[in-house]
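What's in my_file.txt: compact mmCIF, C-alpha atoms
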```txt
# COMPACT_ATOMS: atom_id res chain seq x y z
CA MET A 1 59.05 87.36 -60.54
CA ASN A 2 56.59 88.71 -57.97
CA CYS A 3 57.00 89.33 -54.24
CA ALA A 4 55.71 85.90 -53.20
CA GLU A 5 58.14 84.17 -55.57
CA PHE A 6 60.95 86.42 -54.35
CA ALA A 7 60.16 85.51 -50.73
CA LEU A 8 60.68 81.84 -51.62
CA ALA A 9 63.86 82.53 -53.61
CA LYS A 10 65.66 85.08 -51.43
CA HIS A 11 67.45 82.60 -49.15
CA GLY A 12 68.76 80.67 -52.13
CA LEU A 13 69.86 83.94 -53.67
CA ILE A 14 71.80 84.96 -50.55
CA ASP A 15 73.34 81.50 -50.27
CA ARG A 16 74.27 81.57 -53.98
CA GLU A 17 72.29 78.38 -54.57
CA LEU A 18 69.84 79.60 -57.25
CA PRO A 19 70.26 78.75 -60.91
CA GLU A 20 71.67 81.74 -62.79
CA ALA A 21 68.40 82.60 -64.58
CA GLN A 22 66.38 82.53 -61.36
CA ALA A 23 69.01 84.62 -59.56
CA ARG A 24 68.85 87.20 -62.37
CA ASP A 25 65.04 87.31 -62.13
CA ALA A 26 65.19 87.74 -58.33
CA LEU A 27 67.75 90.55 -58.56
CA ALA A 28 65.70 92.26 -61.28
CA HIS A 29 62.61 92.07 -59.07
CA ALA A 30 64.51 93.48 -56.08
CA ALA A 31 65.74 96.35 -58.27
CA ASP A 32 62.10 97.33 -58.93
CA CYS A 33 60.57 96.51 -55.51
CA ALA A 34 61.67 98.51 -52.46
CA ALA A 35 60.23 95.99 -49.98
CA CYS A 36 62.04 93.03 -51.53
CA ALA A 37 65.25 95.07 -51.89
CA ALA A 38 65.07 95.85 -48.15
CA ALA A 39 64.49 92.17 -47.34
CA LEU A 40 67.50 91.23 -49.47
CA GLN A 41 69.64 93.87 -47.76
CA ASP A 42 68.57 92.55 -44.34
CA LEU A 43 69.52 89.00 -45.29
CA GLU A 44 72.90 90.17 -46.59
CA GLY A 45 73.46 91.82 -43.21
CA VAL A 46 72.58 88.61 -41.40
CA ARG A 47 74.90 86.61 -43.64
CA THR A 48 77.74 89.06 -43.07
CA ALA A 49 77.20 89.05 -39.28
CA LEU A 50 77.11 85.26 -39.12
CA LEU A 51 80.26 84.92 -41.21
CA ALA A 52 82.01 87.41 -38.93
CA ALA A 53 80.81 85.53 -35.83
CA ALA A 54 82.05 82.25 -37.31
CA GLU A 55 85.55 83.70 -37.59
CA GLN A 56 85.70 84.63 -33.89
CA GLU A 57 87.19 82.36 -31.28
CA TRP A 58 84.47 80.84 -29.12
CA SER A 59 84.99 80.52 -25.39
CA ALA A 60 84.18 77.20 -23.74
CA GLY A 61 80.65 78.26 -22.73
CA ALA A 62 79.82 80.41 -25.77
CA ARG A 63 77.70 77.80 -27.54
CA VAL A 64 75.58 77.26 -24.43
CA ARG A 65 75.11 81.02 -24.01
CA VAL A 66 74.22 81.52 -27.70
CA VAL A 67 71.65 78.71 -27.67
CA GLY A 68 70.22 80.08 -24.42
CA ALA A 69 70.01 83.57 -25.92
CA LEU A 70 68.27 82.16 -29.01
CA LEU A 71 65.72 80.33 -26.86
CA GLU A 72 65.10 83.47 -24.77
CA ALA A 73 64.57 85.54 -27.92
CA ALA A 74 62.16 82.93 -29.27
CA ALA A 75 60.23 82.95 -26.00
CA ARG A 76 60.00 86.76 -26.08
CA GLU A 77 58.54 86.54 -29.58
CA GLY A 78 56.12 83.81 -28.53
CA GLU A 79 57.67 81.17 -30.77
CA GLU A 80 57.93 77.54 -29.79
CA THR A 81 61.48 76.71 -30.82
CA ARG A 82 63.82 73.82 -30.13
CA PRO A 83 67.58 74.17 -30.65
CA THR A 84 67.39 71.51 -33.37
CA ASP A 85 64.93 73.55 -35.47
CA MET A 86 66.60 76.93 -35.32
CA GLY A 87 67.18 78.45 -38.73
CA LEU A 88 68.09 81.96 -39.82
CA THR A 89 64.75 83.49 -38.95
CA GLY A 90 62.93 85.19 -36.10
CA PRO A 91 65.15 84.74 -33.05
CA VAL A 92 68.43 84.86 -34.98
CA LEU A 93 67.47 88.10 -36.73
CA THR A 94 66.39 89.55 -33.39
CA LEU A 95 69.66 88.61 -31.74
CA ILE A 96 71.83 89.98 -34.50
CA ALA A 97 69.87 93.21 -34.51
CA THR A 98 70.39 93.58 -30.75
CA ASP A 99 74.01 92.42 -30.67
CA ALA A 100 73.14 89.51 -28.38
CA ILE A 101 75.33 87.01 -30.23
CA PRO A 102 78.51 89.08 -29.83
CA GLY A 103 77.60 89.60 -26.17
CA ALA A 104 77.04 85.88 -25.66
CA LEU A 105 80.33 85.08 -27.38
CA ALA A 106 82.29 87.55 -25.32
CA GLY A 107 80.80 86.45 -21.99
```
Please express what this file holds, its structure, as structure tokens.
Amino acid sequence: MNCAEFALAKHGLIDRELPEAQARDALAHAADCAACAAALQDLEGVRTALLAAAEQEWSAGARVRVVGALLEAAAREGEETRPTDMGLTGPVLTLIATDAIPGALAG
């Protein structure tokens, strides 16, 4: 597996959706490639943070604040984003890195 193939496979790897052979190949590549290992570690951190956030109790306005924070982060990064297209990229990574989601949940 090369870096381009790993980039396509890493989300399936994190979500445990890859066939066993492909997961083995991706992990072997990450073991030999520092950049892909770092990308995998970042995604694991995102997954862990999202799972932790999902276990928290949400206040009545938390969802509105989180979506608003996501849209603000997207605007800061110059992305055109609608709430219906938000995935685990760009704005979400930015928010987790800056603790905006926990702040929005607590508010």
Worksheet item: Of the candidates A:Ala62, A:Leu8, A:Ile14, A:Gly68, which one gets nearest to Gly45 of chain A if we count all atoms listed in the file?
Response: A:Ile14
Worksheet item: Hey, can you pull every residue with an atom no more than 12 Å from (70.0, 92.8, -49.2), using all atoms listed in the file, and send it as an MDAnalysis selection string?
Response: chainID A and resid 10:11 13:15 26:27 30:31 33:48
Discussion item. Could you list, as a list in words, every residue within 8 Å of Cys3 of chain A, counting all atoms listed in the file and ignoring same-chain residues fewer than 2 positions away?
Written reply: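 In the requested form, the answer reads Met1, Glu5, Phe6, Ala7, His29 and Cys36 of chain A.
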Worksheet item: What does the distance between atom CA of Leu50 of chain A and atom CA of Asp32 of chain A come to in Å, to one decimal place?
Response: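 Those two atoms sit 27.6 Å apart.
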Worksheet item: In Å, with one decimal, what is the gap from atom CA of Asn2 of chain A to atom CA of Ala23 of chain A?
Response: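 The value is 13.2 Å.
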Please complete segment 5-30 of chain A with N, CA and C atoms and give it back as a PDB file, in the frame of the given file.
```pdb
ATOM      1  N   GLU A   5      57.075  85.005 -55.007  1.00  0.00           N
ATOM      2  CA  GLU A   5      58.140  84.170 -55.570  1.00  0.00           C
ATOM      3  C   GLU A   5      59.507  84.600 -55.026  1.00  0.00           C
ATOM      4  N   PHE A   6      59.693  85.910 -54.891  1.00  0.00           N
ATOM      5  CA  PHE A   6      60.950  86.420 -54.350  1.00  0.00           C
ATOM      6  C   PHE A   6      61.144  85.936 -52.914  1.00  0.00           C
ATOM      7  N   ALA A   7      60.068  85.958 -52.125  1.00  0.00           N
ATOM      8  CA  ALA A   7      60.160  85.510 -50.730  1.00  0.00           C
ATOM      9  C   ALA A   7      60.648  84.062 -50.655  1.00  0.00           C
ATOM     10  N   LEU A   8      60.236  83.240 -51.601  1.00  0.00           N
ATOM     11  CA  LEU A   8      60.680  81.840 -51.620  1.00  0.00           C
ATOM     12  C   LEU A   8      62.125  81.711 -52.125  1.00  0.00           C
ATOM     13  N   ALA A   9      62.553  82.638 -52.971  1.00  0.00           N
ATOM     14  CA  ALA A   9      63.860  82.530 -53.610  1.00  0.00           C
ATOM     15  C   ALA A   9      64.979  83.266 -52.872  1.00  0.00           C
ATOM     16  N   LYS A  10      64.635  84.192 -51.981  1.00  0.00           N
ATOM     17  CA  LYS A  10      65.660  85.080 -51.430  1.00  0.00           C
ATOM     18  C   LYS A  10      66.749  84.361 -50.637  1.00  0.00           C
ATOM     19  N   HIS A  11      66.422  83.314 -49.916  1.00  0.00           N
ATOM     20  CA  HIS A  11      67.450  82.600 -49.150  1.00  0.00           C
ATOM     21  C   HIS A  11      68.421  81.885 -50.087  1.00  0.00           C
ATOM     22  N   GLY A  12      67.891  81.300 -51.137  1.00  0.00           N
ATOM     23  CA  GLY A  12      68.760  80.670 -52.130  1.00  0.00           C
ATOM     24  C   GLY A  12      69.620  81.680 -52.851  1.00  0.00           C
ATOM     25  N   LEU A  13      69.086  82.869 -53.044  1.00  0.00           N
ATOM     26  CA  LEU A  13      69.860  83.940 -53.670  1.00  0.00           C
ATOM     27  C   LEU A  13      71.027  84.346 -52.780  1.00  0.00           C
ATOM     28  N   ILE A  14      70.751  84.558 -51.502  1.00  0.00           N
ATOM     29  CA  ILE A  14      71.800  84.960 -50.550  1.00  0.00           C
ATOM     30  C   ILE A  14      72.851  83.862 -50.408  1.00  0.00           C
ATOM     31  N   ASP A  15      72.413  82.622 -50.425  1.00  0.00           N
ATOM     32  CA  ASP A  15      73.340  81.500 -50.270  1.00  0.00           C
ATOM     33  C   ASP A  15      74.015  81.090 -51.577  1.00  0.00           C
ATOM     34  N   ARG A  16      73.712  81.844 -52.645  1.00  0.00           N
ATOM     35  CA  ARG A  16      74.270  81.570 -53.980  1.00  0.00           C
ATOM     36  C   ARG A  16      73.955  80.161 -54.458  1.00  0.00           C
ATOM     37  N   GLU A  17      72.711  79.732 -54.200  1.00  0.00           N
ATOM     38  CA  GLU A  17      72.290  78.380 -54.570  1.00  0.00           C
ATOM     39  C   GLU A  17      71.276  78.372 -55.723  1.00  0.00           C
ATOM     40  N   LEU A  18      70.831  79.546 -56.182  1.00  0.00           N
ATOM     41  CA  LEU A  18      69.840  79.600 -57.250  1.00  0.00           C
ATOM     42  C   LEU A  18      70.500  79.402 -58.609  1.00  0.00           C
ATOM     43  N   PRO A  19      69.765  78.778 -59.534  1.00  0.00           N
ATOM     44  CA  PRO A  19      70.260  78.750 -60.910  1.00  0.00           C
ATOM     45  C   PRO A  19      70.418  80.192 -61.417  1.00  0.00           C
ATOM     46  N   GLU A  20      71.335  80.396 -62.321  1.00  0.00           N
ATOM     47  CA  GLU A  20      71.670  81.740 -62.790  1.00  0.00           C
ATOM     48  C   GLU A  20      70.450  82.530 -63.280  1.00  0.00           C
ATOM     49  N   ALA A  21      69.573  81.898 -64.050  1.00  0.00           N
ATOM     50  CA  ALA A  21      68.400  82.600 -64.580  1.00  0.00           C
ATOM     51  C   ALA A  21      67.465  83.045 -63.458  1.00  0.00           C
ATOM     52  N   GLN A  22      67.258  82.185 -62.475  1.00  0.00           N
ATOM     53  CA  GLN A  22      66.380  82.530 -61.360  1.00  0.00           C
ATOM     54  C   GLN A  22      67.004  83.630 -60.490  1.00  0.00           C
ATOM     55  N   ALA A  23      68.315  83.573 -60.315  1.00  0.00           N
ATOM     56  CA  ALA A  23      69.010  84.620 -59.560  1.00  0.00           C
ATOM     57  C   ALA A  23      68.869  85.960 -60.273  1.00  0.00           C
ATOM     58  N   ARG A  24      69.024  85.963 -61.592  1.00  0.00           N
ATOM     59  CA  ARG A  24      68.850  87.200 -62.370  1.00  0.00           C
ATOM     60  C   ARG A  24      67.451  87.757 -62.214  1.00  0.00           C
ATOM     61  N   ASP A  25      66.438  86.872 -62.284  1.00  0.00           N
ATOM     62  CA  ASP A  25      65.040  87.310 -62.130  1.00  0.00           C
ATOM     63  C   ASP A  25      64.810  87.900 -60.729  1.00  0.00           C
ATOM     64  N   ALA A  26      65.364  87.255 -59.709  1.00  0.00           N
ATOM     65  CA  ALA A  26      65.190  87.740 -58.330  1.00  0.00           C
ATOM     66  C   ALA A  26      65.855  89.102 -58.155  1.00  0.00           C
ATOM     67  N   LEU A  27      67.050  89.263 -58.673  1.00  0.00           N
ATOM     68  CA  LEU A  27      67.750  90.550 -58.560  1.00  0.00           C
ATOM     69  C   LEU A  27      67.018  91.639 -59.343  1.00  0.00           C
ATOM     70  N   ALA A  28      66.468  91.288 -60.498  1.00  0.00           N
ATOM     71  CA  ALA A  28      65.700  92.260 -61.280  1.00  0.00           C
ATOM     72  C   ALA A  28      64.458  92.684 -60.510  1.00  0.00           C
ATOM     73  N   HIS A  29      63.791  91.735 -59.868  1.00  0.00           N
ATOM     74  CA  HIS A  29      62.610  92.070 -59.070  1.00  0.00           C
ATOM     75  C   HIS A  29      62.995  92.996 -57.913  1.00  0.00           C
ATOM     76  N   ALA A  30      64.077  92.662 -57.214  1.00  0.00           N
ATOM     77  CA  ALA A  30      64.510  93.480 -56.080  1.00  0.00           C
ATOM     78  C   ALA A  30      64.895  94.889 -56.530  1.00  0.00           C
TER      79      ALA A  30
END
```
